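**Student:** Just one file: run.cif, with mmCIF, C-alpha atoms.
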```
data_input
#
loop_
_atom_site.label_atom_id
_atom_site.label_comp_id
_atom_site.auth_asym_id
_atom_site.auth_seq_id
_atom_site.Cartn_x
_atom_site.Cartn_y
_atom_site.Cartn_z
CA MET E 1 -11.91 34.57 -4.58
CA ALA E 2 -13.46 32.35 -7.26
CA ALA E 3 -16.62 34.47 -7.24
CA ALA E 4 -14.58 37.64 -7.57
CA ALA E 5 -12.59 36.14 -10.44
CA GLY E 6 -15.83 35.06 -12.13
CA PHE E 7 -17.32 38.54 -11.84
CA GLY E 8 -14.10 40.02 -13.22
CA SER E 9 -14.35 37.75 -16.26
CA LEU E 10 -17.99 38.76 -16.74
CA LEU E 11 -17.05 42.42 -16.49
CA ARG E 12 -14.44 41.99 -19.22
CA GLU E 13 -16.84 40.10 -21.45
CA CYS E 14 -19.93 42.28 -20.81
CA PRO E 15 -18.85 45.55 -19.15
CA LEU E 16 -22.41 46.94 -19.34
CA LEU E 17 -23.99 44.01 -17.47
CA LEU E 18 -23.90 44.55 -13.69
CA PRO E 19 -25.31 42.79 -10.60
CA GLN E 20 -28.34 44.45 -9.05
CA ASN E 21 -28.13 42.89 -5.56
CA ARG E 22 -25.54 41.63 -3.05
CA GLY E 23 -26.29 38.00 -3.77
CA LYS E 24 -25.56 38.52 -7.47
CA SER E 25 -28.75 36.74 -8.42
CA VAL E 26 -30.02 39.57 -10.63
CA TYR E 27 -28.01 41.11 -13.45
CA GLU E 28 -29.19 43.92 -15.68
CA GLY E 29 -27.62 46.05 -18.37
CA PHE E 30 -26.66 45.72 -22.00
CA VAL E 31 -25.07 43.13 -24.21
CA THR E 32 -23.08 44.54 -27.13
CA ALA E 33 -22.73 43.05 -30.61
CA GLN E 34 -21.63 44.68 -33.86
CA GLY E 35 -21.43 48.03 -32.09
CA LYS E 36 -25.08 47.91 -30.97
CA ASP E 37 -26.31 47.68 -27.37
CA PHE E 38 -29.31 45.53 -26.41
CA HIS E 39 -31.01 45.66 -23.03
CA ILE E 40 -31.09 42.40 -21.05
CA ARG E 41 -32.02 41.26 -17.52
CA ILE E 42 -30.98 37.88 -16.04
CA LEU E 43 -32.64 36.45 -12.93
CA LEU E 44 -30.89 33.50 -11.25
CA PRO E 45 -32.55 31.20 -8.70
CA VAL E 46 -31.41 31.05 -5.08
CA ASP E 47 -28.93 28.27 -5.89
CA LEU E 48 -27.59 30.41 -8.82
CA GLN E 49 -28.03 27.48 -11.24
CA LEU E 50 -28.20 28.71 -14.83
CA LYS E 51 -30.53 25.95 -15.99
CA ASN E 52 -33.33 27.51 -13.92
CA ALA E 53 -32.51 31.12 -14.81
CA ARG E 54 -34.97 33.49 -16.47
CA ILE E 55 -33.88 35.93 -19.14
CA GLN E 56 -35.80 39.13 -19.92
CA CYS E 57 -34.81 41.31 -22.87
CA SER E 58 -35.98 44.24 -24.91
CA SER E 59 -38.47 43.74 -27.73
CA GLN E 60 -35.71 44.59 -30.19
CA LEU E 61 -33.38 41.85 -28.86
CA LYS E 62 -36.28 39.41 -28.69
CA ARG E 63 -37.05 40.09 -32.35
CA VAL E 64 -33.43 39.53 -33.40
CA LEU E 65 -33.11 36.28 -31.44
CA GLY E 66 -36.57 35.00 -32.38
CA VAL E 67 -35.52 31.90 -34.36
CA TYR E 68 -32.57 31.21 -32.04
CA GLN E 69 -34.54 30.80 -28.81
CA GLN E 70 -34.27 27.00 -28.74
CA ILE E 71 -30.51 27.17 -29.26
CA LEU E 72 -30.19 29.65 -26.38
CA LYS E 73 -32.23 27.40 -24.09
CA GLN E 74 -29.80 24.57 -24.82
CA ARG E 75 -26.80 26.84 -24.18
CA LEU E 76 -28.38 27.91 -20.90
CA GLN E 77 -28.77 24.26 -19.82
CA HIS E 78 -25.19 23.31 -20.62
CA SER E 79 -23.20 26.44 -19.68
CA SER E 80 -21.09 26.03 -16.53
CA ASP E 81 -21.43 29.64 -15.42
CA LEU E 82 -22.86 33.02 -16.41
CA VAL E 83 -19.67 34.11 -18.16
CA SER E 84 -19.64 31.12 -20.51
CA PHE E 85 -23.35 31.63 -21.26
CA MET E 86 -22.81 35.31 -22.12
CA VAL E 87 -20.02 34.29 -24.50
CA GLU E 88 -22.43 31.87 -26.18
CA LEU E 89 -25.18 34.52 -26.26
CA LYS E 90 -22.92 37.06 -27.93
CA THR E 91 -21.84 34.50 -30.53
CA VAL E 92 -25.47 33.70 -31.38
CA LEU E 93 -26.36 37.40 -31.39
CA GLU E 94 -23.55 38.20 -33.83
CA ALA E 95 -24.84 35.53 -36.22
CA ALA E 96 -28.45 36.70 -35.82
CA LEU E 97 -27.56 40.31 -36.59
CA LYS E 98 -25.84 39.31 -39.82
CA ASN E 99 -29.11 37.73 -40.94
CA THR E 100 -31.37 40.59 -39.79
CA ARG E 101 -31.92 43.08 -42.59
CA GLU E 102 -32.68 46.12 -40.40
CA PHE E 103 -29.23 45.86 -38.77
CA GLN E 104 -27.25 45.17 -41.90
CA SER E 105 -25.02 47.98 -43.12
CA PRO E 106 -26.04 49.07 -46.61
CA ALA E 107 -23.74 47.75 -49.27
CA LEU E 108 -21.52 50.35 -50.86
CA PRO E 109 -22.17 51.09 -54.52
CA PRO E 110 -19.64 49.67 -56.99
CA PRO E 111 -16.62 51.83 -57.90
CA GLN E 112 -18.19 52.56 -61.28
CA HIS E 113 -20.98 54.53 -59.51
CA TYR E 114 -18.47 57.03 -58.13
CA SER E 115 -16.68 57.28 -61.44
CA ASP E 116 -20.00 58.07 -63.15
CA LEU E 117 -20.81 60.73 -60.54
CA ILE E 118 -17.47 62.45 -61.01
CA ARG E 119 -17.92 62.35 -64.78
CA ASP E 120 -21.45 63.81 -64.51
CA MET E 121 -20.28 66.64 -62.25
CA GLU E 122 -17.46 67.46 -64.65
CA THR E 123 -19.95 67.49 -67.52
CA LEU E 124 -22.31 69.79 -65.59
CA GLY E 125 -19.47 72.03 -64.52
CA TRP E 126 -18.09 72.30 -61.01
CA ASN E 127 -19.56 75.81 -60.76
CA LYS E 128 -22.99 74.14 -60.62
CA VAL E 129 -22.03 71.92 -57.67
CA ALA E 130 -22.61 73.65 -54.33
CA PHE E 131 -21.87 70.76 -51.96
CA VAL E 132 -20.86 67.09 -51.92
CA ASP E 133 -20.70 65.06 -48.71
CA PRO E 134 -17.76 62.66 -48.14
CA SER E 135 -19.87 59.58 -48.90
CA PHE E 136 -21.19 61.05 -52.18
CA THR E 137 -24.79 60.36 -51.12
CA THR E 138 -25.85 64.01 -50.69
CA ILE E 139 -25.17 66.57 -53.41
CA LYS E 140 -26.42 70.14 -53.76
CA LEU E 141 -26.68 71.57 -57.25
CA LYS E 142 -27.05 75.21 -58.30
CA ALA E 143 -29.00 76.45 -61.30
CA GLU E 144 -30.03 79.72 -62.90
CA ASP E 145 -33.37 80.00 -64.67
CA SER E 146 -33.93 81.90 -67.92
CA CYS E 147 -34.75 85.08 -65.95
CA GLY E 148 -31.49 85.03 -64.01
CA ARG E 149 -32.92 83.79 -60.70
CA HIS E 150 -30.65 81.50 -58.68
CA HIS E 151 -31.89 78.20 -57.26
CA GLN E 152 -30.47 75.22 -55.40
CA ILE E 153 -31.59 71.61 -55.04
CA THR E 154 -30.45 68.98 -52.52
CA LEU E 155 -30.22 65.41 -53.83
CA LYS E 156 -30.06 62.12 -51.92
CA LEU E 157 -28.46 59.84 -54.47
CA ASN E 158 -28.63 56.08 -54.93
CA PRO E 159 -26.61 53.91 -57.32
CA LYS E 160 -29.32 54.20 -59.97
CA SER E 161 -29.37 58.02 -59.93
CA SER E 162 -28.29 59.91 -63.02
CA LEU E 163 -27.02 63.35 -62.06
CA LEU E 164 -27.40 64.73 -65.58
CA SER E 165 -30.99 63.49 -65.86
CA ILE E 166 -31.91 64.95 -62.46
CA HIS E 167 -30.37 68.30 -63.40
CA ARG E 168 -32.37 68.39 -66.65
CA GLN E 169 -35.57 67.71 -64.71
CA PHE E 170 -34.61 70.43 -62.25
CA LEU E 171 -34.18 72.98 -65.05
CA ALA E 172 -37.50 71.93 -66.60
CA ALA E 173 -39.27 72.40 -63.26
CA LEU E 174 -37.72 75.85 -62.86
CA GLU E 175 -38.86 76.83 -66.34
CA SER E 176 -42.42 75.67 -65.59
CA LEU E 177 -42.53 78.05 -62.60
CA LYS E 178 -41.11 81.05 -64.45
CA ALA E 179 -44.48 82.77 -64.96
CA PHE E 180 -45.37 82.24 -61.29
CA TRP E 181 -42.15 83.83 -60.06
CA ASN E 182 -42.41 86.64 -62.62
CA ALA E 183 -45.89 87.52 -61.32
CA LEU E 184 -44.83 87.58 -57.67
CA ASP E 185 -41.55 89.37 -58.38
CA GLU E 186 -43.51 92.21 -60.00
CA ILE E 187 -45.76 92.45 -56.95
CA ASP E 188 -42.76 92.40 -54.59
CA GLU E 189 -41.03 95.15 -56.57
CA LYS E 190 -43.98 97.48 -57.25
CA THR E 191 -46.23 97.19 -54.18
CA TRP E 192 -45.84 97.16 -50.41
CA VAL E 193 -45.94 93.51 -49.37
CA LEU E 194 -46.69 93.28 -45.66
CA GLU E 195 -46.42 89.51 -45.44
CA PRO E 196 -44.33 87.47 -45.74
CA GLU E 197 -41.61 89.90 -44.79
CA LYS E 198 -38.95 87.84 -46.58
CA PRO E 199 -40.80 85.61 -49.05
CA THR E 200 -39.13 82.45 -50.28
CA ARG E 201 -39.55 81.08 -53.78
CA SER E 202 -42.05 78.55 -52.42
CA ALA E 203 -44.30 81.23 -50.88
CA THR E 204 -47.61 81.47 -52.77
CA MET E 205 -49.25 84.12 -50.54
CA ARG E 206 -48.79 87.88 -50.48
CA ARG E 207 -50.50 90.41 -48.21
CA ILE E 208 -50.45 93.69 -50.14
CA ALA E 209 -51.06 97.09 -48.55
CA ILE E 210 -53.98 99.03 -50.05
CA GLY E 211 -54.21 101.89 -47.56
CA ASN E 212 -54.12 102.75 -43.89
CA ASN E 213 -55.21 99.57 -42.02
CA VAL E 214 -56.45 98.03 -45.30
CA SER E 215 -54.80 95.23 -47.25
CA VAL E 216 -55.55 92.26 -49.47
CA ASN E 217 -54.32 88.71 -49.07
CA ILE E 218 -53.80 86.88 -52.35
CA GLU E 219 -53.05 83.17 -52.82
CA VAL E 220 -51.56 82.45 -56.23
CA ASP E 221 -51.73 79.07 -57.96
CA PRO E 222 -48.16 78.24 -59.13
CA LYS E 223 -49.54 76.21 -62.04
CA HIS E 224 -51.91 78.97 -63.20
CA PRO E 225 -50.34 82.25 -62.02
CA THR E 226 -52.17 84.44 -64.54
CA MET E 227 -55.62 83.28 -63.43
CA PRO E 228 -57.56 85.12 -60.68
CA PRO E 229 -56.04 84.34 -57.27
CA ASP E 230 -57.95 83.73 -54.07
CA CYS E 231 -58.46 87.17 -52.49
CA PHE E 232 -59.18 88.03 -48.85
CA PHE E 233 -59.65 91.67 -47.98
CA LEU E 234 -58.49 92.84 -44.58
CA GLY E 235 -59.87 96.03 -43.12
CA PRO E 236 -63.05 97.77 -41.96
CA ASP E 237 -66.27 96.90 -43.77
CA HIS E 238 -66.88 100.38 -45.12
CA VAL E 239 -63.59 100.10 -47.05
CA VAL E 240 -63.39 96.44 -48.02
CA ASN E 241 -67.02 95.95 -49.05
CA PRO E 242 -66.74 98.28 -52.09
CA LEU E 243 -63.53 96.47 -53.07
CA LYS E 244 -65.25 93.09 -52.89
CA MET E 245 -68.11 94.42 -55.00
CA LYS E 246 -65.68 95.69 -57.65
CA LEU E 247 -63.85 92.36 -57.70
CA ASN E 248 -67.09 90.44 -58.21
CA SER E 249 -68.53 92.78 -60.83
CA ASN E 250 -65.28 93.21 -62.83
CA ILE E 251 -63.92 89.66 -62.72
CA HIS E 252 -65.06 89.19 -66.34
CA MET E 253 -62.42 91.75 -67.31
CA TRP E 254 -59.60 89.48 -66.13
CA ASP E 255 -57.11 89.03 -68.97
CA PRO E 256 -54.88 85.91 -68.72
CA GLU E 257 -52.46 87.55 -71.14
CA ALA E 258 -51.85 90.49 -68.78
CA SER E 259 -49.77 90.37 -65.61
CA LEU E 260 -51.25 89.47 -62.25
CA LEU E 261 -50.62 92.95 -60.85
CA GLN E 262 -52.13 94.69 -63.87
CA ASN E 263 -55.27 92.53 -63.65
CA LEU E 264 -55.67 93.30 -59.94
CA LYS E 265 -55.48 97.02 -60.71
CA GLU E 266 -58.06 96.71 -63.49
CA VAL E 267 -60.68 94.69 -61.64
CA LEU E 268 -60.31 96.66 -58.37
CA GLU E 269 -60.20 99.98 -60.27
CA MET E 270 -57.29 101.24 -58.17
CA ASP E 271 -53.55 101.71 -58.03
CA PHE E 272 -51.66 100.06 -55.21
CA PRO E 273 -49.48 102.36 -53.07
CA SER E 274 -46.10 102.75 -54.71
CA ARG E 275 -42.85 101.77 -53.01
CA GLU E 276 -41.25 104.93 -54.41
CA ALA E 277 -43.89 107.32 -53.09
CA LEU E 278 -44.59 105.83 -49.66
CA ASP E 279 -42.73 104.17 -46.84
CA LYS E 280 -43.88 100.99 -45.12
CA SER E 281 -44.37 102.94 -41.89
CA ASP E 282 -47.12 104.94 -43.66
CA PHE E 283 -49.39 101.92 -43.38
CA SER E 284 -50.58 101.71 -39.79
CA MET E 285 -50.83 97.98 -39.18
CA ASP E 286 -49.85 97.89 -35.50
CA CYS E 287 -52.30 96.83 -32.82
CA GLY E 288 -54.15 99.79 -31.34
CA ILE E 289 -53.76 98.39 -27.82
CA CYS E 290 -50.24 96.94 -27.51
CA TYR E 291 -48.82 99.08 -30.37
CA ALA E 292 -46.96 96.06 -31.77
CA TYR E 293 -47.42 94.32 -35.09
CA ARG E 294 -46.60 90.77 -33.98
CA LEU E 295 -47.68 89.35 -30.63
CA ASP E 296 -46.47 85.79 -30.00
CA GLY E 297 -46.37 85.30 -33.77
CA ALA E 298 -49.92 86.59 -34.33
CA ILE E 299 -50.72 89.70 -36.36
CA PRO E 300 -53.66 92.09 -35.75
CA ASP E 301 -56.69 90.21 -37.08
CA GLN E 302 -59.55 92.25 -35.61
CA VAL E 303 -60.64 95.64 -36.93
CA CYS E 304 -63.01 98.39 -35.84
CA ASP E 305 -65.81 98.89 -38.38
CA ASP E 306 -66.49 102.47 -37.33
CA SER E 307 -65.56 104.71 -40.26
CA ARG E 308 -63.99 107.19 -37.82
CA CYS E 309 -61.63 104.52 -36.46
CA GLY E 310 -60.66 101.51 -38.59
CA GLN E 311 -58.00 100.52 -36.07
CA GLN E 312 -56.69 96.94 -36.03
CA PHE E 313 -56.10 94.80 -32.93
CA HIS E 314 -54.72 91.47 -31.83
CA GLN E 315 -57.58 89.27 -30.70
CA ALA E 316 -55.62 88.49 -27.52
CA CYS E 317 -55.47 92.22 -26.71
CA LEU E 318 -59.21 92.70 -26.83
CA TYR E 319 -61.57 92.49 -23.89
CA GLU E 320 -64.64 90.76 -25.28
CA THR E 321 -68.16 91.22 -23.92
CA PRO E 322 -71.51 89.87 -25.20
CA CYS E 323 -72.99 91.50 -28.28
CA GLU E 324 -75.31 94.43 -27.67
CA GLY E 325 -77.86 96.54 -29.49
CA GLY E 326 -78.62 94.16 -32.36
CA GLU E 327 -75.02 93.96 -33.60
CA ALA E 328 -74.08 91.25 -36.09
CA GLU E 329 -73.72 87.77 -34.66
CA ASN E 330 -69.95 87.75 -34.66
CA ALA E 331 -69.44 91.37 -33.62
CA LEU E 332 -67.33 92.03 -30.59
CA ILE E 333 -68.12 95.07 -28.46
CA LEU E 334 -65.12 96.60 -26.84
CA GLN E 335 -66.42 98.29 -23.69
CA ALA E 336 -63.38 100.28 -22.66
CA GLN E 337 -62.41 103.87 -22.17
CA ASP E 338 -60.79 104.44 -25.55
CA PRO E 339 -58.04 101.80 -25.38
CA ALA E 340 -57.37 102.17 -29.10
CA GLY E 341 -57.40 105.95 -29.25
CA CYS E 342 -60.80 106.16 -30.97
CA MET E 343 -60.91 109.95 -30.46
CA TRP E 344 -62.80 112.28 -32.75
CA GLY E 345 -60.68 115.32 -32.00
CA LYS E 346 -62.79 116.74 -29.12
CA GLY E 347 -61.50 114.57 -26.32
CA GLU E 348 -64.48 112.19 -26.41
CA SER E 349 -64.00 108.45 -26.36
CA ASN E 350 -65.88 105.91 -28.37
CA PRO E 351 -67.63 103.79 -25.70
CA ALA E 352 -68.53 101.00 -28.09
CA CYS E 353 -65.80 100.45 -30.66
CA HIS E 354 -67.25 97.87 -33.05
CA ILE E 355 -64.65 95.19 -33.61
CA ARG E 356 -64.91 92.51 -36.25
CA ASN E 357 -62.63 89.84 -37.60
CA HIS E 358 -61.10 91.66 -40.56
CA ARG E 359 -60.55 88.59 -42.74
CA SER E 360 -63.41 88.48 -45.21
#
```
Can you present the structure in this file as structure tokens?

**Tutor:**
Amino acid sequence: MAAAAGFGSLLRECPLLLPQNRGKSVYEGFVTAQGKDFHIRILLPVDLQLKNARIQCSSQLKRVLGVYQQILKQRLQHSSDLVSFMVELKTVLEAALKNTREFQSPALPPPQHYSDLIRDMETLGWNKVAFVDPSFTTIKLKAEDSCGRHHQITLKLNPKSSLLSIHRQFLAALESLKAFWNALDEIDEKTWVLEPEKPTRSATMRRIAIGNNVSVNIEVDPKHPTMPPDCFFLGPDHVVNPLKMKLNSNIHMWDPEASLLQNLKEVLEMDFPSREALDKSDFSMDCGICYAYRLDGAIPDQVCDDSRCGQQFHQACLYETPCEGGEAENALILQAQDPAGCMWGKGESNPACHIRNHRS
């Protein structure tokens, strides 16, 4: 009965600490303090005397109790039973947690901090505040740049934060990116952008359609949007090579005072397909084997160099065989019975459709 009463007391004191064997010589579970649970394991000797017990605990609990180990050894020697020792342990643990920085609850800012925040939001205008969490630590602000574009910023505030100062910096940053967004907005409005399908304001890349199975990838520097971007032409060699030659020979004509789109037209000596005259479906970008554009997130990145074909493929869809007949080192020879529809109108198939990586 006494043993049962003792276990009942232990259960009330440490409900997450349970015996692991019939002899109740091994206990394992958790000790709770300040709402936090710490793993612990207690091994008693055969005579169940506490003074010879061994205590194993998690590295976290060991770190918290580091400077209190000698005190705990003394408590272990003088405690009459396991229940009394666990009471002592929890008392020491509570004191240790109060002195351990990583477990201390952050101090709340003074009332003046909240008064200043409310005043700043009223000064900004509540129409510029999109969200405030109950603790006033996360605030989302809205802003409109000088071109009428809408933006939002999420702030993690601390007591030293000045909402008005942050908002001024936000507006200055938006203004510094105005030329960058103007350049890409013109491209989005006047050309067929294949990727990204729904560009965000942070997107610096555009893949612009040039013709059937031909496009150009541009990477624009947000700090220098009117300077020549990095260009990667995508398509068969007989189409993209002349474009690369024009870019290289006409780059001296690039005018930083003109728009990005206008400069691209000038140096490439071409007009990009218009959104008004053509539909996106007019640009055949689907894989010639699976007839899909995206396959597990990948887009067609291989292209047939034969001027009669020019079809694009997913690399995963291709059956690759060793290069033949003196082809270029990285050429892939597709030995298949016209899987991509490389027909010349007389029912013949192209037995060796020359496939290359189209990113050049």

**Student:** Take the PyMOL selection byres ((chain E and resi 93-98) around 7), run it mentally on this structure, and tell me the resulting residues as an mmCIF file with C-alpha atoms, keeping the file's coordinate frame.

**Tutor:**
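Result file follows (out-v4.cif):
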```cif
data_model
loop_
_atom_site.group_PDB
_atom_site.id
_atom_site.type_symbol
_atom_site.label_atom_id
_atom_site.label_comp_id
_atom_site.auth_asym_id
_atom_site.auth_seq_id
_atom_site.Cartn_x
_atom_site.Cartn_y
_atom_site.Cartn_z
ATOM 1 C CA ALA E 33 -22.730 43.050 -30.610
ATOM 2 C CA GLN E 34 -21.630 44.680 -33.860
ATOM 3 C CA VAL E 64 -33.430 39.530 -33.400
ATOM 4 C CA LEU E 65 -33.110 36.280 -31.440
ATOM 5 C CA LEU E 89 -25.180 34.520 -26.260
ATOM 6 C CA LYS E 90 -22.920 37.060 -27.930
ATOM 7 C CA THR E 91 -21.840 34.500 -30.530
ATOM 8 C CA VAL E 92 -25.470 33.700 -31.380
ATOM 9 C CA ASN E 99 -29.110 37.730 -40.940
ATOM 10 C CA THR E 100 -31.370 40.590 -39.790
ATOM 11 C CA PHE E 103 -29.230 45.860 -38.770
ATOM 12 C CA GLN E 104 -27.250 45.170 -41.900
#
```

**Student:** Could you spell out the hits of the PyMOL selection byres ((chain E and resi 207) around 7) on the shown file, as a list of chain:residue names?

**Tutor:**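 Output from the PyMOL selection byres ((chain E and resi 207) around 7), applied to this file: E:Val193, E:Leu194, E:Glu195, E:Met205, E:Arg206, E:Ile208, E:Ala209, E:Ser215, E:Val216, E:Asn217, E:Ile218.
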
**Student:** Please identify all polymer residues within 9 Å of segment 15-32 of chain E, counting all atoms listed in the file, omitting same-chain residues fewer than 2 positions from it, and present them as a PyMOL selection string.

**Tutor:** chain E and resi 10-13+34-48+86+89-90+93

**Student:** Go ahead and write the residues just picked, C-alpha atoms, as a short mmCIF file (atom, residue, chain, number, x, y, z; two decimals), keeping the file's coordinate frame.

**Tutor:**
```cif
data_model
loop_
_atom_site.label_atom_id
_atom_site.label_comp_id
_atom_site.auth_asym_id
_atom_site.auth_seq_id
_atom_site.Cartn_x
_atom_site.Cartn_y
_atom_site.Cartn_z
CA LEU E 10 -17.99 38.76 -16.74
CA LEU E 11 -17.05 42.42 -16.49
CA ARG E 12 -14.44 41.99 -19.22
CA GLU E 13 -16.84 40.10 -21.45
CA GLN E 34 -21.63 44.68 -33.86
CA GLY E 35 -21.43 48.03 -32.09
CA LYS E 36 -25.08 47.91 -30.97
CA ASP E 37 -26.31 47.68 -27.37
CA PHE E 38 -29.31 45.53 -26.41
CA HIS E 39 -31.01 45.66 -23.03
CA ILE E 40 -31.09 42.40 -21.05
CA ARG E 41 -32.02 41.26 -17.52
CA ILE E 42 -30.98 37.88 -16.04
CA LEU E 43 -32.64 36.45 -12.93
CA LEU E 44 -30.89 33.50 -11.25
CA PRO E 45 -32.55 31.20 -8.70
CA VAL E 46 -31.41 31.05 -5.08
CA ASP E 47 -28.93 28.27 -5.89
CA LEU E 48 -27.59 30.41 -8.82
CA MET E 86 -22.81 35.31 -22.12
CA LEU E 89 -25.18 34.52 -26.26
CA LYS E 90 -22.92 37.06 -27.93
CA LEU E 93 -26.36 37.40 -31.39
#
```

**Student:** Under the PyMOL selection byres ((chain E and resi 272) around 6), which residues of this model are included? Write them out as a compact mmCIF listing (two decimals) with C-alpha atoms, in the frame of the given file.

**Tutor:**
```txt
# COMPACT_ATOMS: atom_id res chain seq x y z
CA ILE E 210 -53.98 99.03 -50.05
CA ASP E 271 -53.55 101.71 -58.03
CA PRO E 273 -49.48 102.36 -53.07
```

**Student:** Work out how far apart atom CA of Lys62 of chain E and atom CA of Ser80 of chain E are and give it in Å to one decimal.

**Tutor:**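 According to the coordinates, atom CA of Lys62 of chain E and atom CA of Ser80 of chain E are separated by 23.6 Å.
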
**Student:** Have a look at atom CA of Arg201 of chain E and atom CA of Ser146 of chain E and let me know their distance in Å, one decimal.

**Tutor:** 15.2 Å

**Student:** Find the residue from E:Asp185, E:Thr191, E:Ala258, E:Gln312 that sits nearest to Val214 of chain E; use all atoms listed in the file when measuring.

**Tutor:**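 Nearest to Val214 of chain E: E:Gln312.
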
**Student:** Take atom CA of Lys265 of chain E and atom CA of Met227 of chain E and report the distance between them in Å, one decimal.

**Tutor:** 14.0 Å

**Student:** Calculated over only C-alpha atoms, which of the candidates E:His314, E:Ala298, E:Ala183, E:Asn241 has the smallest distance to Glu257 of chain E?

**Tutor:** E:Ala183
